[in-house]
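Chemist: Just data00.txt, nothing more (compact mmCIF, C-alpha atoms):
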```txt
# COMPACT_ATOMS: atom_id res chain seq x y z
CA MET A 171 97.27 97.28 95.61
CA GLU A 172 93.65 96.52 96.30
CA TYR A 173 93.93 93.29 94.25
CA ASP A 174 96.95 92.10 96.31
CA GLU A 175 95.08 92.68 99.57
CA ARG A 176 92.04 90.77 98.33
CA LEU A 177 94.24 87.86 97.12
CA ALA A 178 96.05 87.71 100.47
CA HIS A 179 92.73 87.72 102.32
CA PHE A 180 91.41 84.93 100.04
CA ARG A 181 94.43 82.69 100.70
CA GLN A 182 94.31 83.33 104.44
CA THR A 183 90.63 82.44 104.71
CA ARG A 184 90.98 79.40 102.40
CA LEU A 185 94.01 77.92 104.15
CA ASN A 186 92.71 78.53 107.69
CA PRO A 187 88.91 78.60 107.58
CA PHE A 188 88.65 78.27 111.36
CA ASP A 189 90.94 81.23 112.12
CA ARG A 190 88.37 83.54 110.59
CA GLY A 191 85.80 82.36 113.10
CA GLU A 192 88.18 82.90 116.05
CA GLU A 193 88.83 86.55 115.23
CA GLU A 194 85.17 87.60 114.76
CA ASP A 195 82.81 88.42 117.59
CA ASP A 196 79.50 86.68 117.86
CA PRO A 197 76.25 88.69 118.15
CA GLU A 198 76.32 88.31 121.95
CA GLY A 199 79.74 89.93 122.24
CA GLY A 200 81.89 86.81 122.68
CA LYS A 201 84.34 85.07 120.41
CA ALA A 202 82.96 82.64 117.82
CA THR A 203 84.59 79.41 118.94
CA HIS A 204 82.07 76.83 117.83
CA GLN A 205 83.94 75.96 114.61
CA HIS A 206 87.23 75.57 116.46
CA GLU A 207 85.64 73.18 118.96
CA THR A 208 84.17 71.11 116.13
CA LYS A 209 87.59 70.85 114.53
CA SER A 210 89.17 69.76 117.81
CA GLU A 211 86.61 66.99 118.24
CA LEU A 212 87.27 65.60 114.78
CA PHE A 213 91.04 65.72 114.94
CA SER A 214 91.95 65.39 118.60
CA GLY A 215 95.18 63.51 119.02
CA THR A 216 97.25 65.60 116.60
CA LYS A 217 100.56 66.75 117.95
CA THR A 218 100.46 70.45 117.22
CA HIS A 219 97.95 73.18 116.51
CA SER A 220 99.68 73.93 113.21
CA SER A 221 99.17 70.33 112.03
CA ASP A 222 95.46 70.69 112.82
CA ARG A 223 95.30 73.72 110.59
CA THR A 224 97.13 71.87 107.84
CA MET A 225 94.62 69.02 107.91
CA ASP A 226 91.72 71.45 107.88
CA LEU A 227 92.57 72.39 104.30
CA GLY A 228 89.74 71.20 102.09
CA LEU A 229 87.87 69.31 104.84
CA ALA A 230 85.19 71.94 105.23
CA GLU A 231 84.64 72.26 101.48
CA ASP A 232 82.68 70.47 98.82
CA HIS A 233 85.30 68.05 97.56
CA PHE A 234 83.41 67.07 94.44
CA SER A 235 83.05 70.53 92.95
CA ARG A 236 85.55 72.01 90.55
CA PRO A 237 88.00 74.56 91.96
CA VAL A 238 87.33 78.15 91.03
CA GLY A 239 90.31 79.98 89.57
CA SER A 240 93.89 78.76 89.51
CA PHE A 241 95.81 77.21 92.38
CA VAL A 242 99.44 77.78 93.21
CA ALA A 243 101.95 75.15 94.25
CA SER A 244 101.47 75.94 97.96
CA ASP A 245 97.89 74.66 97.83
CA ILE A 246 99.07 71.26 96.62
CA GLU A 247 101.83 71.16 99.22
CA GLN A 248 99.38 71.99 101.99
CA LEU A 249 97.08 69.18 100.83
CA LYS A 250 99.99 66.72 100.86
CA LEU A 251 100.78 67.74 104.43
CA ALA A 252 97.13 67.34 105.40
CA ILE A 253 97.11 63.84 103.91
CA GLU A 254 100.20 62.81 105.89
CA GLU A 255 98.74 64.19 109.12
CA CYS A 256 95.48 62.35 108.44
CA LYS A 257 97.39 59.10 107.96
CA LYS A 258 99.12 59.55 111.31
CA LEU A 259 95.81 60.29 112.99
CA ILE A 260 94.24 57.10 111.59
CA LEU A 261 97.08 55.04 113.10
CA GLU A 262 96.73 56.73 116.49
CA LEU A 263 92.95 56.35 116.80
CA PRO A 264 91.40 53.13 118.24
CA GLU A 265 90.83 50.35 115.72
CA HIS A 266 87.35 50.21 114.14
CA SER A 267 86.19 53.25 116.08
CA GLU A 268 83.78 55.77 114.57
CA ARG A 269 86.41 58.51 114.77
CA GLN A 270 88.84 56.35 112.80
CA LYS A 271 86.20 55.68 110.13
CA ASP A 272 85.52 59.41 109.85
CA ALA A 273 89.23 60.07 109.47
CA VAL A 274 89.47 57.47 106.67
CA VAL A 275 86.61 59.16 104.81
CA LYS A 276 88.33 62.52 105.14
CA LEU A 277 91.59 61.00 103.88
CA ILE A 278 89.78 59.84 100.75
CA HIS A 279 88.32 63.31 100.26
CA LEU A 280 91.72 64.91 100.62
CA ARG A 281 93.25 62.59 98.05
CA LEU A 282 90.44 63.27 95.60
CA LYS A 283 90.92 67.01 96.08
CA LEU A 284 94.69 66.64 95.49
CA GLN A 285 94.07 64.66 92.30
CA GLU A 286 91.58 67.26 91.18
CA LEU A 287 94.12 70.07 91.58
CA LYS A 288 96.79 68.09 89.73
CA ASP A 289 94.51 67.25 86.80
CA PRO A 290 92.13 70.15 86.20
CA GLU A 291 89.24 69.42 83.87
CA GLU A 292 89.62 70.56 80.29
CA GLU A 293 87.39 70.34 77.30
CA GLU A 294 88.14 66.94 75.75
CA PRO A 295 86.87 65.71 72.36
CA ASN A 296 84.39 62.83 72.38
CA LEU A 297 86.36 60.84 69.75
CA ARG A 298 90.11 60.57 69.25
CA ILE A 299 92.03 58.36 66.80
CA ILE A 300 95.56 57.25 67.78
CA LEU A 301 97.52 54.34 66.20
CA GLU A 302 94.31 52.95 64.66
CA HIS A 303 92.59 53.10 68.07
CA ARG A 304 89.17 54.78 67.94
CA PHE A 305 88.93 56.23 71.43
CA SER A 306 85.50 57.20 72.69
CA LYS A 307 85.14 59.45 75.73
CA GLU A 308 83.54 57.59 78.62
CA LYS A 309 80.69 59.05 80.64
CA SER A 310 80.63 56.51 83.48
CA LYS A 311 81.82 57.97 86.76
CA SER A 312 81.27 55.08 89.15
CA VAL A 313 82.79 52.04 87.38
CA LYS A 314 86.28 51.23 88.65
CA GLN A 315 88.76 50.74 85.81
CA THR A 316 92.54 50.53 85.40
CA CYS A 317 94.53 52.48 82.85
CA ASP A 318 96.19 50.16 80.32
CA LYS A 319 99.05 52.62 79.86
CA CYS A 320 100.14 53.63 83.39
CA SER A 321 98.50 50.69 85.26
CA THR A 322 96.91 52.99 87.84
CA ILE A 323 93.27 53.33 88.82
CA ILE A 324 91.03 55.57 86.74
CA TRP A 325 89.02 57.80 89.07
CA GLY A 326 86.05 58.38 86.79
CA LEU A 327 84.59 60.91 89.22
CA ILE A 328 87.32 63.47 88.60
CA GLN A 329 89.37 62.13 85.67
CA THR A 330 88.60 62.04 81.95
CA TRP A 331 89.18 58.63 80.36
CA TYR A 332 88.69 56.93 77.02
CA THR A 333 87.97 53.42 75.73
CA CYS A 334 88.91 52.10 72.28
CA THR A 335 85.75 50.87 70.56
CA GLY A 336 87.79 48.26 68.70
CA CYS A 337 89.98 46.52 71.29
CA TYR A 338 88.61 48.05 74.54
CA TYR A 339 91.95 49.60 75.46
CA ARG A 340 91.30 52.00 78.39
CA CYS A 341 93.43 54.92 79.47
CA HIS A 342 93.48 58.34 81.11
CA SER A 343 93.16 61.36 78.88
CA LYS A 344 96.60 62.48 80.07
CA CYS A 345 98.14 59.11 79.01
CA MET A 346 96.86 59.10 75.45
CA ASN A 347 99.84 60.90 73.96
CA GLN A 348 102.14 58.21 75.43
CA ILE A 349 100.37 55.24 73.80
CA THR A 350 102.72 53.08 71.70
CA LYS A 351 100.56 49.97 71.20
CA PRO A 352 98.50 49.86 67.99
CA CYS A 353 94.90 48.69 68.08
CA VAL A 354 94.61 44.89 68.21
CA ARG A 355 91.44 45.06 66.11
CA SER A 356 93.54 45.95 63.04
CA LYS A 357 95.68 42.85 63.61
CA VAL A 358 92.56 40.70 63.86
CA SER A 359 91.25 42.19 60.61
CA HIS A 360 94.47 41.70 58.65
CA GLN A 361 95.88 38.57 60.28
CA SER A 362 93.04 36.30 61.47
CA GLU A 363 95.10 33.31 62.55
CA TYR A 364 96.33 31.81 65.80
CA GLU A 365 99.77 30.85 67.01
CA LEU A 366 99.40 27.04 66.95
CA SER A 367 102.64 26.13 68.73
CA ILE A 368 102.32 25.57 72.47
CA CYS A 369 104.14 28.38 74.33
CA PRO A 370 106.87 28.99 71.70
CA GLU A 371 109.49 30.34 74.12
CA ILE A 372 112.62 31.92 72.64
CA GLY A 373 114.39 32.99 75.85
CA LEU A 374 115.20 36.32 77.47
CA ASP A 375 118.57 36.52 75.76
CA ARG A 376 116.85 36.64 72.34
CA GLN A 377 114.80 39.55 73.69
CA ASP A 378 117.95 41.32 74.89
CA TYR A 379 116.56 41.03 78.44
CA ARG A 380 113.84 43.55 77.59
CA CYS A 381 110.04 43.51 77.52
CA ALA A 382 108.83 42.18 74.16
CA GLU A 383 106.41 45.09 73.84
CA CYS A 384 107.69 48.28 75.50
CA ARG A 385 111.41 47.27 75.64
CA THR A 386 111.71 47.96 79.37
CA PRO A 387 114.65 46.06 80.95
CA VAL A 388 113.39 42.87 82.70
CA SER A 389 114.82 39.82 84.44
CA LEU A 390 113.54 36.68 86.17
CA ARG A 391 114.97 37.96 89.46
CA GLY A 392 112.70 41.02 89.34
CA VAL A 393 115.53 43.55 89.00
CA PRO A 394 114.91 46.12 87.65
CA SER A 395 111.49 44.73 86.64
CA GLU A 396 109.94 41.27 86.86
CA ALA A 397 109.84 39.26 83.63
CA ARG A 398 106.46 37.60 83.11
CA GLN A 399 105.95 35.01 80.40
CA CYS A 400 102.93 35.00 78.10
CA ASP A 401 101.78 31.44 77.49
CA TYR A 402 100.35 32.38 74.09
CA THR A 403 103.36 34.10 72.49
CA GLY A 404 106.05 32.47 74.67
CA GLN A 405 107.72 35.87 75.12
CA TYR A 406 108.50 37.80 78.30
CA TYR A 407 106.91 41.09 79.33
CA CYS A 408 107.19 43.65 82.11
CA SER A 409 104.52 44.06 84.80
CA THR A 410 103.04 47.04 82.95
CA CYS A 411 102.39 44.99 79.78
CA HIS A 412 101.55 41.74 81.60
CA TRP A 413 98.96 41.90 84.39
CA ASN A 414 98.78 38.13 84.95
CA ASP A 415 95.48 37.94 83.05
CA THR A 416 94.43 34.43 82.07
CA ALA A 417 92.98 33.06 78.83
CA ILE A 418 92.36 29.72 77.13
CA ILE A 419 95.20 28.99 74.70
CA PRO A 420 94.07 27.78 71.22
CA ALA A 421 97.19 25.64 70.65
CA ARG A 422 96.59 23.71 73.88
CA VAL A 423 92.96 23.12 72.93
CA ILE A 424 93.73 21.83 69.43
CA HIS A 425 96.69 19.60 70.35
CA ASN A 426 95.81 18.52 73.91
CA TRP A 427 92.06 19.29 74.21
CA GLU A 428 93.07 21.32 77.28
CA PHE A 429 90.96 24.28 78.41
CA GLU A 430 92.78 25.43 81.54
CA PRO A 431 93.32 29.24 81.42
CA ARG A 432 96.97 30.30 81.30
CA LYS A 433 98.66 33.63 82.05
CA VAL A 434 98.95 35.95 79.06
CA CYS A 435 100.05 39.52 78.44
CA ARG A 436 97.54 42.35 77.93
CA SER A 437 97.86 42.49 74.14
CA SER A 438 97.43 38.70 73.83
CA LYS A 439 94.41 38.85 76.13
CA ARG A 440 92.72 41.43 73.93
CA TYR A 441 93.68 39.56 70.74
CA LEU A 442 92.34 36.23 71.98
CA THR A 443 89.12 37.88 73.17
CA LEU A 444 88.49 39.44 69.76
CA MET A 445 89.44 36.25 67.90
CA MET A 446 87.33 33.90 70.03
CA PRO A 447 84.13 33.99 67.89
CA ARG A 448 85.98 33.90 64.54
CA PRO A 449 85.84 30.55 62.66
CA VAL A 450 89.48 30.22 61.61
CA LEU A 451 90.31 26.69 62.82
CA LYS A 452 90.12 23.90 60.24
CA LEU A 453 90.48 20.93 62.56
CA LYS A 454 90.62 18.20 59.93
CA GLU A 455 93.80 19.80 58.57
CA ILE A 456 95.41 20.98 61.82
CA ASN A 457 94.75 17.84 63.89
CA PRO A 458 92.48 15.28 62.18
CA LEU A 459 93.19 12.68 64.91
CA LEU A 460 91.24 14.82 67.36
CA PHE A 461 87.98 13.39 65.99
CA ASN A 462 89.12 9.90 67.01
CA PHE A 463 89.48 10.85 70.65
CA VAL A 464 86.71 13.41 71.24
CA GLU A 465 83.27 11.90 70.69
CA GLU A 466 81.53 15.25 71.05
CA LEU A 467 83.35 16.54 67.95
CA VAL A 468 82.00 13.66 65.86
CA GLU A 469 78.45 14.42 67.03
CA ILE A 470 78.76 18.13 66.23
CA ARG A 471 80.24 17.37 62.80
CA LYS A 472 77.23 15.14 61.97
CA LEU A 473 74.74 17.80 63.13
CA ARG A 474 76.48 20.47 61.09
CA HIS A 475 76.53 18.26 58.01
CA ASP A 476 72.79 17.63 58.37
CA ILE A 477 72.08 21.36 58.69
CA LEU A 478 73.92 22.01 55.42
CA LEU A 479 71.72 19.36 53.76
CA MET A 480 68.62 21.11 55.16
CA LYS A 481 69.66 24.55 53.93
CA PRO A 482 68.51 24.06 50.27
CA TYR A 483 65.04 23.25 51.54
CA PHE A 484 64.83 26.50 53.51
CA ILE A 485 66.15 28.89 50.87
CA THR A 486 63.49 27.63 48.41
CA CYS A 487 60.65 27.53 50.95
CA LYS A 488 58.53 30.65 51.35
CA GLU A 489 57.26 29.64 54.79
CA ALA A 490 60.77 28.94 56.06
CA MET A 491 61.99 32.29 54.79
CA GLU A 492 59.08 34.10 56.47
CA ALA A 493 59.73 32.24 59.73
CA ARG A 494 63.45 33.05 59.39
CA LEU A 495 64.46 29.63 60.60
CA LEU A 496 68.08 30.00 59.57
CA LEU A 497 68.40 33.05 61.86
CA GLN A 498 68.47 30.63 64.77
CA LEU A 499 72.13 30.17 63.80
CA GLN A 500 72.92 33.86 63.37
CA ASP A 501 75.47 33.72 66.23
CA ARG A 502 77.29 30.92 64.38
CA GLN A 503 76.85 31.98 60.75
CA HIS A 504 79.60 29.64 59.61
CA PHE A 505 77.41 26.64 60.52
CA VAL A 506 75.23 27.35 57.47
CA GLU A 507 78.24 27.94 55.20
CA ASN A 508 80.50 24.94 55.88
CA ASP A 509 80.97 22.03 58.28
CA ASP A 510 84.72 22.04 58.82
CA MET A 511 85.60 25.49 60.23
CA TYR A 512 85.46 26.08 63.98
CA SER A 513 85.96 29.05 66.27
CA LEU A 514 87.64 28.83 69.65
CA GLN A 515 84.27 29.60 71.23
CA ASP A 516 82.79 26.59 69.39
CA LEU A 517 85.41 24.28 70.90
CA ILE A 518 84.88 25.70 74.39
CA ASP A 519 81.12 25.19 74.09
CA ILE A 520 81.66 21.65 72.79
CA SER A 521 83.79 20.78 75.83
CA THR A 522 81.11 22.08 78.21
CA GLY A 523 78.25 20.38 76.34
CA ARG A 524 76.48 23.68 75.67
CA LEU A 525 76.84 23.53 71.88
CA SER A 526 75.58 19.96 71.64
CA CYS A 527 72.35 20.82 73.47
CA SER A 528 71.59 23.98 71.48
CA LEU A 529 72.50 22.49 68.09
CA THR A 530 70.44 19.35 68.71
CA GLU A 531 67.42 21.51 69.50
CA ILE A 532 67.88 23.55 66.31
CA HIS A 533 68.37 20.36 64.28
CA THR A 534 65.07 18.99 65.65
CA THR A 535 63.23 22.22 64.77
CA PHE A 536 64.59 22.22 61.22
CA ALA A 537 63.75 18.55 60.64
CA LYS A 538 60.22 19.01 62.00
CA HIS A 539 59.55 21.82 59.52
CA ILE A 540 60.75 19.79 56.52
CA LYS A 541 59.20 16.42 57.38
CA LEU A 542 55.98 17.38 59.18
CA ASP A 543 55.01 21.06 59.04
CA CYS A 544 55.63 22.08 55.42
CA GLU A 545 53.97 20.31 52.46
CA ARG A 546 56.30 21.98 49.95
CA CYS A 547 59.38 20.63 51.72
CA GLN A 548 57.79 17.18 52.08
CA ALA A 549 57.23 17.10 48.32
CA LYS A 550 60.99 17.38 47.82
CA GLY A 551 61.64 14.09 49.58
CA PHE A 552 62.84 10.87 47.90
CA VAL A 553 61.56 7.34 47.48
CA CYS A 554 64.16 4.59 47.49
CA GLU A 555 64.32 3.45 43.85
CA LEU A 556 66.06 0.22 44.77
CA CYS A 557 63.41 -1.27 47.04
CA LYS A 558 60.57 1.19 46.34
CA GLU A 559 59.26 0.65 49.84
CA GLY A 560 59.07 2.62 53.06
CA ASP A 561 58.42 6.26 53.91
CA ILE A 562 59.65 9.38 52.15
CA LEU A 563 63.39 9.76 52.61
CA PHE A 564 65.48 12.88 53.20
CA PRO A 565 69.27 13.21 52.89
CA PHE A 566 69.69 14.10 56.57
CA ASP A 567 67.93 10.96 57.86
CA SER A 568 70.24 8.73 59.87
CA HIS A 569 69.21 5.52 58.02
CA THR A 570 69.83 6.80 54.48
CA SER A 571 72.67 6.97 51.97
CA VAL A 572 73.13 9.67 49.35
CA CYS A 573 74.56 9.28 45.87
CA HIS A 574 77.56 11.59 45.57
CA GLU A 575 76.89 12.18 41.87
CA CYS A 576 73.20 13.07 41.66
CA SER A 577 72.28 13.42 45.37
CA ALA A 578 69.54 10.79 45.14
CA VAL A 579 68.58 9.25 48.50
CA PHE A 580 68.27 5.53 49.26
CA HIS A 581 67.96 3.28 52.27
CA ARG A 582 71.36 2.58 53.72
CA ASP A 583 70.72 -1.16 53.54
CA CYS A 584 69.93 -0.85 49.83
CA TYR A 585 72.77 1.39 48.74
CA TYR A 586 76.31 0.88 50.00
CA ASP A 587 78.40 3.94 49.10
CA ASN A 588 78.25 3.57 45.30
CA SER A 589 78.85 -0.19 45.42
CA THR A 590 75.37 -0.44 43.93
CA THR A 591 74.58 1.30 40.66
CA CYS A 592 72.45 4.36 41.18
CA PRO A 593 69.27 4.09 39.03
CA ARG A 594 69.01 7.85 38.70
CA CYS A 595 72.59 8.18 37.45
CA ALA A 596 71.96 5.32 34.99
CA ARG A 597 68.91 7.11 33.57
CA MET A 598 70.83 10.36 33.21
CA THR A 599 73.65 8.56 31.40
CA ASP A 600 71.25 6.86 29.00
CA ARG A 601 69.49 10.17 28.28
CA GLN A 602 72.81 11.88 27.45
CA GLN A 603 73.75 9.07 25.07
CA ASP A 604 70.38 9.31 23.30
CA GLU A 605 70.86 13.07 22.86
CA VAL A 606 74.29 12.53 21.30
CA GLU A 607 72.94 9.95 18.86
CA GLU A 608 70.08 12.25 17.84
CA GLU A 609 72.54 15.03 17.05
CA LYS A 610 74.47 12.70 14.76
```
Could you quickly redo this structure as structure tokens?
Modeler:
Amino acid sequence: MEYDERLAHFRQTRLNPFDRGEEEDDPEGGKATHQHETKSELFSGTKTHSSDRTMDLGLAEDHFSRPVGSFVASDIEQLKLAIEECKKLILELPEHSERQKDAVVKLIHLRLKLQELKDPEEEEPNLRIILEHRFSKEKSKSVKQTCDKCSTIIWGLIQTWYTCTGCYYRCHSKCMNQITKPCVRSKVSHQSEYELSICPEIGLDRQDYRCAECRTPVSLRGVPSEARQCDYTGQYYCSTCHWNDTAIIPARVIHNWEFEPRKVCRSSKRYLTLMMPRPVLKLKEINPLLFNFVEELVEIRKLRHDILLMKPYFITCKEAMEARLLLQLQDRQHFVENDDMYSLQDLIDISTGRLSCSLTEIHTTFAKHIKLDCERCQAKGFVCELCKEGDILFPFDSHTSVCHECSAVFHRDCYYDNSTTCPRCARMTDRQQDEVEEEK
């Protein structure tokens, strides 16, 4: 019995905090009306006294603290009523007035309190694994994010949310059990290749008029849901799976040298972002004619070829290894492994001129070490055996030719792509013949 009385008193004082002040006498013998006057000043213009009391719910409290104990359904209903009354008050107050601004702030507080009651905080694990996603619990409370599952805002201040460390998929804690999309990182790991057809559309009828990902019914007329086309896959998606994000399409770059961002679905956006730095494009096989029309590609190909010729000097040079010269290309490791594979990021940087500037600077640094700074590397140079004149030659010099058989270096004017007999190859051939005769 005593418990019921205390619970009733608690609800009465919580729902109507100002009524308590009206019923108690002040020390001077009068009624305590100061709180009621304050409330009237803040919410004057409401139609009834009961609506004032409804809006008072939660306004005099600390809205960013966790509720103590459990709340019944009536608390949530009262907050909904207070929110509606606050909306009406905002419309009735003069535009841009201080009272209207205060009412807007209080509306925000009420909505946060309602969300807090709907989603009480629970102990959540720091790491969760779902469909190959590795979800890590986020600690940021101020960054505004959108849930990839329900497409609503994540209120980090009062809601628990997670981010996949692989594909950066973000979602509420409450939405995690509804996730149906596997991690894109696994697709990148097992299938590192692009769709190289430009917008390969198949039509809504082939999709059974449903979203290609979540199978929600869609149509071009927007009933029941708008069909949005992904320029990368050519398929149609609903507004939940396609947020009108934009991305540069690899097929358009390779075939048209076009870098205008196009609208793509969420999964394609994440896939293209993860694939961007991966060197999976072999241009001379996909579109060899591109080198005839894009001069920048020819320049980059020559620089990359020269760097590969410089690499043997560095891996046998103690000073170069200590200076870690090759680490200048650590962001583009494939540049020291081959000269024909490109990433989408490489092509973007070529079109903007960024790659040409940075690679030319690195090329100059490498050449300076070999030809001027390091005596060991200089000693590995060549003298043209055909004319036996001029300075020491290196295979990456622009005025030289290299024998494809023995890698000897000659002046370009002296040696025309094997049309002239290579003296070094001739000596090696004669030596081999002498060895065979000696064995006989």
Chemist: Please identify all polymer residues within 10 Å of stretch 519-531 of chain A, counting all atoms listed in the file, omitting same-chain residues fewer than 2 positions from it, and present them as a list in words.
Modeler: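 Within the cut-off, the hits are Val423, Trp427, Glu428, Phe429, Val464, Glu466, Leu467, Glu469, Ile470, Leu473, Arg474, Ile477, Gln498, Leu499, Phe505, Ser513, Leu514, Gln515, Asp516, Leu517, His533, Thr534, Thr535 and Phe536 of chain A.
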Chemist: Pick the closest to A:Glu545 from A:Lys558, A:His569, A:Lys488, A:Lys283: which is it, counting all atoms listed in the file?
Modeler: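 Smallest separation from A:Glu545 among the options: A:Lys488.
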Chemist: May I ask which of the residues A:Cys557, A:Ile456, A:Val468, A:Cys547 is the closest one to A:Lys481, counting all atoms listed in the file?
Modeler: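 Once distances to A:Lys481 are computed over all atoms listed in the file, the minimum belongs to A:Cys547.
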Chemist: Tell me, as a PyMOL selection string, which residues lie within 8 Å of stretch 440-455 of chain A, counting all atoms listed in the file; anything in the same chain fewer than 6 positions away does not count.
Modeler: chain A and resi 337-338+354-355+358+362-363+417+424+504+510-516
Chemist: Have a look at atom CA of A:Ile368 and atom CA of A:Ala397 and let me know their distance in Å, one decimal.
Modeler: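 Computed distance, atom CA of A:Ile368 to atom CA of A:Ala397, equals 19.2 Å.
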Chemist: Please indicate the distance in Å from atom CA of A:Val579 to atom CA of A:Asp604, rounded to one decimal place.
Modeler: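 Straight-line distance from atom CA of A:Val579 to atom CA of A:Asp604 works out to 25.3 Å.
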Chemist: Using only C-alpha atoms, can you tell me which of A:Ser389, A:His266, A:Pro370, A:His425 comes closest to A:Phe461?
Modeler: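 With only C-alpha atoms as the atom set, the closest residue is A:His425.
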Chemist: Can you pull out every residue within 12 Å of A:Phe564, counting only C-alpha atoms, but drop anything in the same chain fewer than 6 positions away, and send it as a list of chain:residue names?
Modeler: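 So, after excluding close chain neighbours, the residues are A:Asp476, A:Leu479, A:Met480, A:Pro482, A:Tyr483, A:Ala537, A:Lys538, A:Ile540, A:Lys541, A:Cys547, A:Gln548, A:Ala549, A:Lys550, A:Gly551, A:Phe552, A:Val553, A:Cys554, A:Thr570, A:Ser571, A:Val572, A:Ser577, A:Ala578, A:Val579, A:Phe580, A:His581, A:Arg582.
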Chemist: Excluding A:Cys345 and any residue of its chain fewer than 6 positions from it, enumerate the residues within 10 Å of it, using all atoms listed in the file, and give them as JSON, numbers by chain.
Modeler: {"A": [317, 318, 319, 320, 331, 332]}
Chemist: So how far away is atom CA of A:Phe484 from atom CA of A:Leu496, in Å?
Modeler: 7.7 Å
Chemist: Please list as a PyMOL selection string every residue within 9 Å of A:Pro431, counting all atoms listed in the file and excluding residues in the same chain fewer than 5 positions away.
Modeler: chain A and resi 416-419
Chemist: Please, what is the axis-aligned box for every listed atom of stretch 401-404 of chain A with 8 Å on each side, as centre and edge lengths in Å to one decimal, as JSON?
Modeler:
```
{"center_x": 103.2, "center_y": 32.8, "center_z": 75.0, "size_x": 21.7, "size_y": 18.7, "size_z": 21.0}
```
Chemist: For A:Cys369, which residue out of A:Ile324, A:Ile349, A:Val434, A:Cys408 is the nearest one, using only C-alpha atoms?
Modeler: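 Going through A:Ile324, A:Ile349, A:Val434, A:Cys408 one by one, the smallest distance to A:Cys369 is for A:Val434.
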